[in-house]
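What follows is a single structure, written as structure tokens, with notes after it.
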Amino acid sequence: MSQLPVRIARWSARHAGRAIAGWFAFVALCLGAGIAVGSHGATSEDFRVGEAGRAEAMAAEGGLQRRPTEQIMIYARSGTPDTGETDAVARELTERVRKLPEVDRVGAPVRSEDGEVLRVPVVLKGPELDGRKNVVPLLEQTAKVRAGHPGLVVEETGSPSISKGVNDQRAKDLTLSERITLPVTLLTLLVVFGSVVMAGVPLLLALSSIAAALGLSMIASHVLPDPGVGTNMILLVGLAVGVDYTLFYLKREREERARAGGRLGSAALVELAAATAGRAIVVSGLAVIVSTATLYLATDVIFSSLATGTILVVAVAVVSSLTVLPALLVKIGHRTERRAARRAARRASRGKPVRAQRAEAGPGRVSGALLRPAQRRPALTLCVSVLVMLALAAPALGLRLVDPGRDTFSRDIPAMQAYDRLTAAFPELLVAHEVVARSTPDRAAEVQRALGDLGRRAQADPLFARDTEPRVRTSADGRISVLELAVPFPAPSGEAAASLDRIRQVHLPASVGRLSGVETAVSGDVARGRDYVDHENGKLPLVIGFLLLVTFLMTLWAFRSVVIGLTGVVLNLLSAGASLGLLVVFFQGTWAEGLLAFDSLGAIASRVPLFLFVILFGLSMDYQVFVVSRIQEALQNGMPAREAVLDGISRSAKVVTSAAIVMVTVFGAFVALHLTEMKQMGFCLAVAVLLDAVVIRLLVLPSLLLLLGERAWWPSRPARRGRTAVPAAGPRETVG
């Protein structure tokens, strides 16, 4: 495997034009093929988990599944509305929307208890998830009616319009994150390289890798449906790793160029870089791919989509670093050599000596200052650093998880503002539980009576809406019956959660549960969230266990050291634990709401911890592989263990810091988004990468390796070999 990057680089260097053209043809082919086949979105069936999922499957079997429903409200801008006027507007609205092909039926207008608000329920055609597409014509008709009656408020809300609003907001947020991320990334690269051309190369390859991965993800969605989050992950991870891999390669090529002092041509320098940085990129990419693949064990459509997007973009980024990057470097190198030759000729004509380019041998001033405690007092530095990381991780012991549902969405979305007004006027629409029963057709009447008994029990319970008559629907064949129960409390509240427990544990066993041979299950807003969190918690030990195992095995394979493998696992756990603890401190309470512009859920979104562990473990391997590879290389070149550690970390500190700045910028930009779950993910990853690059790589890792010495490489020892001298050859000599 170590020779594969060299062979690829050699071919690309010798056929630079073809390699560059081939890469962009590949990107165009992937994107074109993806657009041609289109994307296959996830359906409601793909999201079903637990008892709630079983209830929804039974309801769908009888054609009684949830339908996308909108509520259109009509009320006066001020004062008491004219009943006749609001009724007339409701009739006009009903006539308009009934003509829409997307509308299945329009319900009778319902007036609020205080008489102030009139609502018109509209059921759309198609499955629940298609509502956000089908709702557009309905919103247009609502807007026309509103324009014709300026004295009244005519507004619309419901799951379809809220879903559309969330999608629109997410698209604007992603545009905002790009506006923040791209300039900061470019500025960072300009500082690192001091050249617009060299700074543009990482961005060019990262963006082209993202384009290719987007096309491939559309194709992959026909096997693994995309719930709409895959694109976010490709953009998030693609820019981070795409820039990182290119940065590692570019920095190594520049080191080799400086060391060669003009005695090697660009093709030879590219091969030297491929033998070291190329191998590290392959190992790092494989580590990210393998660790991310553990998300498939969660058997969740969202995590599967996140895994697919990450794997595709990382794989494409690795390929771009091994193929088109060497070709671009050769093209740029030839231009650099010609300029250097012209400068040398001018200096020689003036009788001035030619200055040789110096290699960057040490870290920057900040990195050097952070590394100094580990160099002078490794034991003390290790103890203090680990204790600090453990202290940061301690708040994670109080972690509470919640499934972020509709009530947690940003109130900047107009449909959410209307939703708040709707539920204030009609509190019975806050939460609905659905009790589903399946039996043989001849028992339909018996099941309906038992469900009616359950409804009466619920009406006598203060946790349920008393003024709303429980409604029982039965399928045409009599096999499936569904009872809907309203709860006048918001879904995240303790009362709503308690009402679900009361149904499942008390009212259902006392009524329908007494009938033998009748299968029952409860779904609804609260049940979906509860069962989803329980499903994730059940899968968490399995995923984390496999993640730790594959991380250890990948490190063991890369460095042939059990100690280095165990060290990588422990250090990743420290980073993840500390960042999770800080996430709890900032987001689980309310004190940071104004600072980070969010409304606290009182808990952490249930997908964040698992997402953090898997993605962080993969991305941390970038730094681990790059740093430890430099140390191993120094050992192989004959340095003693202590000097090898200091040399390897010193040489890699600047590039690791630069890569970390890029990653922190990419992830940190998500803190500016509106969706609380995305804020939490971005915050957690940005903090984790920052801690990993600074505390782990400059304090903990060097301290530990200095204390371990040669024992760090047990059971194997890096083979000692002298550094191959740079041949005194012409500028176009190659290594091969």
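Each chain of the structure tokens is named A, B, ... in the order shown, its residues numbered from 1; ligands are numbered from 1 in display order.
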Spatial neighbours of region 83-94 of chain A, 8 Å, only C-alpha atoms, chain gap at least 4 places, as a PyMOL selection string: chain A and resi 74-75+98+106+109+118+120+141-142+145
Grab the residues selected above and save them as an mmCIF file, in the first residue's frame with all heavy atoms.
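The resulting again-v7.cif:
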```cif
data_model
loop_
_atom_site.group_PDB
_atom_site.id
_atom_site.type_symbol
_atom_site.label_atom_id
_atom_site.label_comp_id
_atom_site.auth_asym_id
_atom_site.auth_seq_id
_atom_site.Cartn_x
_atom_site.Cartn_y
_atom_site.Cartn_z
ATOM 1 N N ILE A 74 -58.335 32.406 10.301
ATOM 2 C CA ILE A 74 -58.911 33.687 9.897
ATOM 3 C C ILE A 74 -59.338 34.416 11.166
ATOM 4 O O ILE A 74 -60.120 33.882 11.960
ATOM 5 C CB ILE A 74 -60.136 33.483 8.978
ATOM 6 C CG1 ILE A 74 -59.779 32.570 7.790
ATOM 7 C CG2 ILE A 74 -60.682 34.812 8.492
ATOM 8 C CD1 ILE A 74 -60.986 32.058 7.034
ATOM 9 N N TYR A 75 -58.810 35.637 11.370
ATOM 10 C CA TYR A 75 -59.200 36.405 12.549
ATOM 11 C C TYR A 75 -58.931 37.885 12.287
ATOM 12 O O TYR A 75 -58.248 38.263 11.328
ATOM 13 C CB TYR A 75 -58.462 35.932 13.807
ATOM 14 C CG TYR A 75 -56.949 35.966 13.714
ATOM 15 C CD1 TYR A 75 -56.226 37.070 14.149
ATOM 16 C CD2 TYR A 75 -56.248 34.871 13.212
ATOM 17 C CE1 TYR A 75 -54.848 37.101 14.090
ATOM 18 C CE2 TYR A 75 -54.865 34.877 13.148
ATOM 19 C CZ TYR A 75 -54.166 35.994 13.585
ATOM 20 O OH TYR A 75 -52.797 36.010 13.512
ATOM 21 N N ARG A 98 -60.254 23.753 -2.885
ATOM 22 C CA ARG A 98 -60.831 22.483 -3.334
ATOM 23 C C ARG A 98 -60.488 22.193 -4.797
ATOM 24 O O ARG A 98 -60.467 21.033 -5.213
ATOM 25 C CB ARG A 98 -62.349 22.506 -3.160
ATOM 26 C CG ARG A 98 -62.806 22.062 -1.784
ATOM 27 C CD ARG A 98 -64.307 22.081 -1.669
ATOM 28 N NE ARG A 98 -64.743 21.614 -0.355
ATOM 29 C CZ ARG A 98 -65.948 21.819 0.154
ATOM 30 N NH1 ARG A 98 -66.854 22.503 -0.564
ATOM 31 N NH2 ARG A 98 -66.267 21.352 1.341
ATOM 32 N N VAL A 106 -61.232 19.312 2.206
ATOM 33 C CA VAL A 106 -61.253 20.498 3.063
ATOM 34 C C VAL A 106 -62.301 20.262 4.141
ATOM 35 O O VAL A 106 -63.463 19.941 3.833
ATOM 36 C CB VAL A 106 -61.594 21.773 2.260
ATOM 37 C CG1 VAL A 106 -61.567 22.995 3.175
ATOM 38 C CG2 VAL A 106 -60.628 21.955 1.104
ATOM 39 N N PRO A 109 -65.197 24.540 8.706
ATOM 40 C CA PRO A 109 -64.541 25.537 9.570
ATOM 41 C C PRO A 109 -64.843 25.277 11.046
ATOM 42 O O PRO A 109 -65.943 24.847 11.414
ATOM 43 C CB PRO A 109 -65.143 26.861 9.104
ATOM 44 C CG PRO A 109 -65.614 26.593 7.708
ATOM 45 C CD PRO A 109 -66.075 25.166 7.704
ATOM 46 N N LEU A 118 -61.194 31.583 13.485
ATOM 47 C CA LEU A 118 -61.847 30.542 12.693
ATOM 48 C C LEU A 118 -60.746 29.804 11.921
ATOM 49 O O LEU A 118 -59.906 30.431 11.282
ATOM 50 C CB LEU A 118 -62.838 31.161 11.714
ATOM 51 C CG LEU A 118 -63.714 30.189 10.911
ATOM 52 C CD1 LEU A 118 -64.702 29.469 11.825
ATOM 53 C CD2 LEU A 118 -64.473 30.948 9.819
ATOM 54 N N VAL A 120 -59.694 26.575 9.171
ATOM 55 C CA VAL A 120 -60.165 25.678 8.120
ATOM 56 C C VAL A 120 -59.119 24.591 7.923
ATOM 57 O O VAL A 120 -58.006 24.878 7.456
ATOM 58 C CB VAL A 120 -60.390 26.437 6.796
ATOM 59 C CG1 VAL A 120 -60.873 25.481 5.704
ATOM 60 C CG2 VAL A 120 -61.381 27.585 6.996
ATOM 61 N N GLN A 141 -52.590 30.194 -2.678
ATOM 62 C CA GLN A 141 -54.011 30.548 -2.600
ATOM 63 C C GLN A 141 -54.330 31.278 -1.298
ATOM 64 O O GLN A 141 -55.121 32.229 -1.280
ATOM 65 C CB GLN A 141 -54.874 29.289 -2.722
ATOM 66 C CG GLN A 141 -54.835 28.635 -4.087
ATOM 67 C CD GLN A 141 -55.319 29.566 -5.185
ATOM 68 O OE1 GLN A 141 -56.280 30.322 -5.011
ATOM 69 N NE2 GLN A 141 -54.637 29.522 -6.335
ATOM 70 N N THR A 142 -53.712 30.847 -0.214
ATOM 71 C CA THR A 142 -53.919 31.537 1.065
ATOM 72 C C THR A 142 -53.441 32.983 0.972
ATOM 73 O O THR A 142 -54.095 33.904 1.491
ATOM 74 C CB THR A 142 -53.164 30.799 2.188
ATOM 75 O OG1 THR A 142 -53.639 29.454 2.282
ATOM 76 C CG2 THR A 142 -53.360 31.484 3.529
ATOM 77 N N VAL A 145 -56.034 35.099 -0.947
ATOM 78 C CA VAL A 145 -57.189 35.429 -0.115
ATOM 79 C C VAL A 145 -56.809 36.514 0.894
ATOM 80 O O VAL A 145 -57.584 37.455 1.151
ATOM 81 C CB VAL A 145 -57.709 34.165 0.598
ATOM 82 C CG1 VAL A 145 -58.796 34.540 1.611
ATOM 83 C CG2 VAL A 145 -58.244 33.161 -0.415
#
```
I want to know what sits within 8 Å of Leu31 (chain A), based on only C-alpha atoms, with residues of the same chain fewer than 4 positions away left out; could you give that as a ChimeraX atom specification? /A:27,35,211-216
Would you list the contacts of region 122-137 of chain A as a list in words, taking every protein, DNA or RNA residue within 7 Å and counting only C-alpha atoms, but skipping same-chain residues closer than 4 positions in sequence?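 That gives Thr43, Ser44, Arg66, Arg67, Pro68, Thr69, Glu70, Gln71, Glu102, Val103, Asp104, Arg105, Val106, Gly107, Gln141, Pro160, Ser161, Ser163 and Lys164 of chain A.
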Do you know which residues are at most 12 Å from Gly478 (chain A) counting only C-alpha atoms, after dropping those on the same chain fewer than 3 positions away, and could you put them as a list of chain:residue names? A:Ala59, A:Glu61, A:Gly62, A:Gly63, A:Leu64, A:Ala437, A:Arg438, A:Ser439, A:Thr440, A:Pro441, A:Asp442, A:Arg443, A:Ala444, A:Ala445, A:Glu446, A:Val447, A:Gln448, A:Arg473, A:Thr474, A:Ser475, A:Ser481, A:Val482
Output file for the selection above: N, CA and C atoms, as a tab-separated table (two decimals), in the first residue's frame:
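Just written: selection-v1.tsv:
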```tsv
chain	number	residue	atom	x	y	z
A	59	ALA	N	-51.40	1.17	10.88
A	59	ALA	CA	-52.35	2.15	10.38
A	59	ALA	C	-52.27	2.27	8.87
A	61	GLU	N	-51.37	-0.02	6.84
A	61	GLU	CA	-51.94	-1.24	6.28
A	61	GLU	C	-53.44	-1.11	6.03
A	62	GLY	N	-54.10	-0.34	6.89
A	62	GLY	CA	-55.54	-0.13	6.73
A	62	GLY	C	-55.88	1.17	6.03
A	63	GLY	N	-54.86	1.87	5.50
A	63	GLY	CA	-55.11	3.13	4.83
A	63	GLY	C	-55.48	4.26	5.78
A	64	LEU	N	-55.08	4.13	7.04
A	64	LEU	CA	-55.43	5.11	8.07
A	64	LEU	C	-54.22	5.90	8.56
A	437	ALA	N	-55.20	-0.54	16.67
A	437	ALA	CA	-55.53	-1.93	17.03
A	437	ALA	C	-55.77	-2.72	15.75
A	438	ARG	N	-55.25	-3.95	15.73
A	438	ARG	CA	-55.42	-4.82	14.57
A	438	ARG	C	-56.00	-6.16	15.02
A	439	SER	N	-57.06	-6.58	14.32
A	439	SER	CA	-57.72	-7.85	14.66
A	439	SER	C	-58.32	-8.43	13.39
A	440	THR	N	-59.17	-9.43	13.54
A	440	THR	CA	-59.88	-9.98	12.39
A	440	THR	C	-61.12	-9.14	12.12
A	441	PRO	N	-61.62	-9.13	10.88
A	441	PRO	CA	-62.77	-8.27	10.53
A	441	PRO	C	-64.01	-8.53	11.38
A	442	ASP	N	-64.23	-9.78	11.80
A	442	ASP	CA	-65.44	-10.09	12.56
A	442	ASP	C	-65.43	-9.48	13.96
A	443	ARG	N	-64.27	-8.98	14.42
A	443	ARG	CA	-64.19	-8.40	15.76
A	443	ARG	C	-64.15	-6.88	15.72
A	444	ALA	N	-64.44	-6.29	14.57
A	444	ALA	CA	-64.33	-4.84	14.43
A	444	ALA	C	-65.20	-4.10	15.44
A	445	ALA	N	-66.43	-4.54	15.61
A	445	ALA	CA	-67.33	-3.85	16.55
A	445	ALA	C	-66.81	-3.96	17.98
A	446	GLU	N	-66.31	-5.13	18.34
A	446	GLU	CA	-65.77	-5.33	19.69
A	446	GLU	C	-64.57	-4.41	19.94
A	447	VAL	N	-63.69	-4.31	18.94
A	447	VAL	CA	-62.51	-3.44	19.07
A	447	VAL	C	-62.93	-1.98	19.17
A	448	GLN	N	-63.92	-1.58	18.39
A	448	GLN	CA	-64.38	-0.20	18.43
A	448	GLN	C	-64.96	0.15	19.81
A	473	ARG	N	-61.52	5.62	13.92
A	473	ARG	CA	-61.63	5.35	12.49
A	473	ARG	C	-61.30	3.88	12.25
A	474	THR	N	-62.03	3.26	11.35
A	474	THR	CA	-61.83	1.84	11.06
A	474	THR	C	-61.64	1.66	9.56
A	475	SER	N	-60.72	0.77	9.19
A	475	SER	CA	-60.44	0.52	7.78
A	475	SER	C	-61.64	-0.14	7.10
A	481	SER	N	-58.26	-0.40	13.36
A	481	SER	CA	-58.97	0.73	13.95
A	481	SER	C	-57.98	1.66	14.62
A	482	VAL	N	-58.25	2.96	14.52
A	482	VAL	CA	-57.35	3.97	15.10
A	482	VAL	C	-58.16	4.93	15.95
```
Would you mind listing what lies within 6 Å of region 533-548 of chain A as a list of chain:residue names, with only C-alpha atoms counted and same-chain residues fewer than 2 positions away left out? A:Ser291, A:Thr294, A:Ala298, A:Arg530, A:Asp531, A:Val550, A:Thr551
Restricting it to N, CA, C and O atoms, dump the selection as an mmCIF file, in the first residue's frame.
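Contents of part01.cif, as written:
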```
data_model
loop_
_atom_site.group_PDB
_atom_site.id
_atom_site.type_symbol
_atom_site.label_atom_id
_atom_site.label_comp_id
_atom_site.auth_asym_id
_atom_site.auth_seq_id
_atom_site.Cartn_x
_atom_site.Cartn_y
_atom_site.Cartn_z
ATOM 1 N N SER A 291 -14.470 4.096 10.355
ATOM 2 C CA SER A 291 -15.139 4.502 11.590
ATOM 3 C C SER A 291 -16.528 5.068 11.305
ATOM 4 O O SER A 291 -17.479 4.802 12.054
ATOM 5 N N THR A 294 -19.508 2.649 10.971
ATOM 6 C CA THR A 294 -20.178 2.096 12.153
ATOM 7 C C THR A 294 -21.547 2.733 12.366
ATOM 8 O O THR A 294 -22.384 2.175 13.081
ATOM 9 N N ALA A 298 -26.490 1.675 13.553
ATOM 10 C CA ALA A 298 -27.605 2.309 14.263
ATOM 11 C C ALA A 298 -28.949 1.992 13.623
ATOM 12 O O ALA A 298 -29.996 2.267 14.213
ATOM 13 N N ARG A 530 -40.114 9.728 21.721
ATOM 14 C CA ARG A 530 -39.686 8.842 22.809
ATOM 15 C C ARG A 530 -39.063 7.562 22.256
ATOM 16 O O ARG A 530 -37.978 7.153 22.694
ATOM 17 N N ASP A 531 -39.728 6.933 21.304
ATOM 18 C CA ASP A 531 -39.235 5.664 20.779
ATOM 19 C C ASP A 531 -37.964 5.853 19.964
ATOM 20 O O ASP A 531 -37.103 4.967 19.932
ATOM 21 N N VAL A 550 -12.622 -0.610 15.752
ATOM 22 C CA VAL A 550 -12.068 -0.342 14.422
ATOM 23 C C VAL A 550 -11.010 0.758 14.479
ATOM 24 O O VAL A 550 -10.040 0.729 13.709
ATOM 25 N N THR A 551 -11.176 1.740 15.391
ATOM 26 C CA THR A 551 -10.148 2.770 15.538
ATOM 27 C C THR A 551 -8.835 2.154 15.995
ATOM 28 O O THR A 551 -7.756 2.465 15.474
#
```
For Val435 (chain A): contacts at 8 Å, only C-alpha atoms, fewer than 3 positions along chain excluded, given as number ranges by chain: A: 55, 482-484, 520-523
Among the residues A:Ile219, A:Val97, A:Val569, A:Ala391, the one that comes closest to Gly38 (chain A) [using only C-alpha atoms]: A:Ile219
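Proximity ranking of A:Ser304, A:Ser561, A:Ser39, A:Gln680 relative to Phe667 (chain A) places A:Gln680 first, based on only C-alpha atoms.
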Residues of region 315-485 of chain A classed as alpha helix (DSSP H) by DSSP on the backbone are to be reported as number ranges by chain. A: 315-322, 324-349, 365-376, 378-393, 414-425, 444-459
Smallest atom-to-atom distance to Val314 (chain A): which of A:Ala42, A:Leu454, A:Ala486, A:Leu619, using only C-alpha atoms?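 Smallest separation from Val314 (chain A) among the options: A:Leu619.
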When you count only C-alpha atoms, which of these residues is closest to Gly200 (chain A): A:Leu329, A:Val562, A:Ser716, A:Ala25?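 Selected residue with least distance to Gly200 (chain A): A:Leu329.
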Write out as a count of residues only which residues come within 10 Å of region 4-18 of chain A when counting only C-alpha atoms, dropping same-chain ones fewer than 5 positions away. 33
What is the CA of Asp461 (chain A)-CA of Ser499 (chain A) distance in Å, reported with one decimal?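 Pair CA of Asp461 (chain A) / CA of Ser499 (chain A) returns 8.9 Å.
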So how many Å separate CA of Leu451 (chain A) and CA of Pro427 (chain A), to one decimal? 23.0 Å
